[in-house]
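**Student:** Quick one: the structure is below, questions incoming.
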Amino acid sequence: MAPRFDLQSHSTNSDGVLSAAEVVTRAGEAGVELLALSDHDTIAGVAEALAAGERAGVEVVPAVEISAVDEGAATPRELHILGYRIDHTGPAMTARLQEFLADREKRTLRMRDALREVGFDLDEAEIEERIAAGKPIGRPHLAGAVLRAEANAARLQQENIDDIGSLIRGYLIEGKPAFRLRETPTVAEAIEAIHEAGGVAIWAHPFWDISEPGEVLASLERFHALGIDGVEAFYITHDEAQTRLLADRAAELGMLTTGSADFHGPENQQFHSFLAFETYGIEPNLGRIAG
């Protein structure tokens with residue numbers, strides 16, 4: 001029987017709103033026994049989370065969520081690869097993440113410029129502070145910059161955009177006017193970096209990024225050929241059919257199956273609670289992620 005697990009969460013080191021320690025504390029209060037702090041393209045909060053886990057009685061898995069380009073798709077797209085049980089103190093992952101983070105920042109700044117091109121003002125104080133502190137910047141920070149700029153108020157009201165999520169959906173996802181694709185790493189490079197750091201590589205939330213079941217399965221098989229270890233079958237937005245499809249195919253391929261509610265903070269519209277995902281009676285296969 002697997003422990004009560006939640007294998008994605010985010011702190012202020014990426015796009016969450018709580019410190020790494022507070023994320024762990026709240027997870028423990030919610031009954032999580034096995035937690036991963038999986039900030040985007042950074043392991044800056046892992047040591048803090050591990051220390052907090054010892055105090056709270058929560059086993060914290062050293063983890064990271066790497067944004068990667070799926071260049072094997074018909075049209076290149078961005079997907080997320082989770083790395084668990086990585087050596088967060090060693091030079092391998094630190095060096096690779098510095099490379100990836102630099103590209104993430106460049107991509108974010110290209111999207112900032114694109115937002116200006118479509119006529120938005122931006123209040124960039126938070127973005128500048130994060131860059132100065134060496135912290136990642138991403139779409140939520142761009143969305144916040146647009147929402148805080150008073151000059152945008154009338155336009156945002158007219159377009160029914162009133163929070164970070166609706167701004168991202170309107171302008172900063174694939175197919176929208178201010179989206180820009182990152183250049184590196186590829187999915188293969190993300191898997192390689194995780195393995196070099198002694199970790200386990202998992203494809204995060206497949207149906208969040210791809211809607212067509214056949215395309216999800218074909219992508220899973222491509223990533224399996226690249227050496228990925230498993231898939232996040234159990235996820236807060238996956239329905240039962242999607243979950244069973246992923247779990248069944250992963251079992252056939254001998255892959256691990258993980259899950260999460262992708263906690264970003266208590267006020268987040270969708271990702272605000274721990275353990276808010278369903279397994280539908282399917283036993284997960286966490287492998288060595290469970291320790």
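Residue numbering restarts at 1 for every chain of the structure tokens, chains are lettered A, B, ... in their displayed order, and ligands are numbered from 1 as they appear.
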Report as a list in words: the residues of range 168-208 of chain A with a DSSP assignment of strand (DSSP E), based on the backbone of this structure.

**Tutor:**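 Selection result, strand (DSSP E) within range 168-208 of chain A: Val200, Ala201, Ile202 and Trp203 of chain A.
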
**Student:** Pick out the residues sitting within 10 Å of Ser19 in chain A, and hand them over as a list in words; count only C-alpha atoms, and ignore anything fewer than 2 positions along from it in its own chain.

**Tutor:**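 Neighbouring residues, sequence-local ones excluded: His10, Ser11, Thr12, Asn13, Gly16, Val17, Ala21, Glu22, Val23, Val24, Thr25, Gly45, Glu48, Ala49 and Gly265 of chain A.
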
**Student:** Mind dumping a table of every range 75-104 of chain A residue within 9 Å of range 172-181 of chain A, with the nearest atom pair and its distance in Å to one decimal, using only C-alpha atoms, sorted by chain and rising number, as JSON lines?

**Tutor:**
```
{"residue": "A:Pro76", "atom": "CA", "partner": "A:Leu181", "partner_atom": "CA", "distance": 8.3}
{"residue": "A:Arg77", "atom": "CA", "partner": "A:Leu181", "partner_atom": "CA", "distance": 7.1}
{"residue": "A:Glu78", "atom": "CA", "partner": "A:Leu181", "partner_atom": "CA", "distance": 6.9}
```

**Student:** Keeping only N, CA and C atoms, write those residues as a CSV table (one decimal), in the first residue's frame.

**Tutor:**
```csv
chain,number,residue,atom,x,y,z
A,76,PRO,N,6.3,21.4,-32.5
A,76,PRO,CA,7.0,21.4,-31.2
A,76,PRO,C,6.1,22.1,-30.1
A,77,ARG,N,6.2,21.5,-28.9
A,77,ARG,CA,5.3,22.1,-27.9
A,77,ARG,C,6.1,21.9,-26.6
A,78,GLU,N,5.7,22.6,-25.5
A,78,GLU,CA,6.3,22.5,-24.2
A,78,GLU,C,5.5,21.6,-23.3
```

**Student:** Going by DSSP on the backbone, which bits of range 200-277 of chain A are helix (DSSP H, G or I)? Write them as a PyMOL selection string, please.

**Tutor:** chain A and resi 206-209+213-226+240-253

**Student:** Just the number, please: distance in Å from CA of Gln270 in chain A to CA of Gly214 in chain A, one decimal.

**Tutor:**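 Value for the CA of Gln270 in chain A-CA of Gly214 in chain A distance: 26.1 Å.
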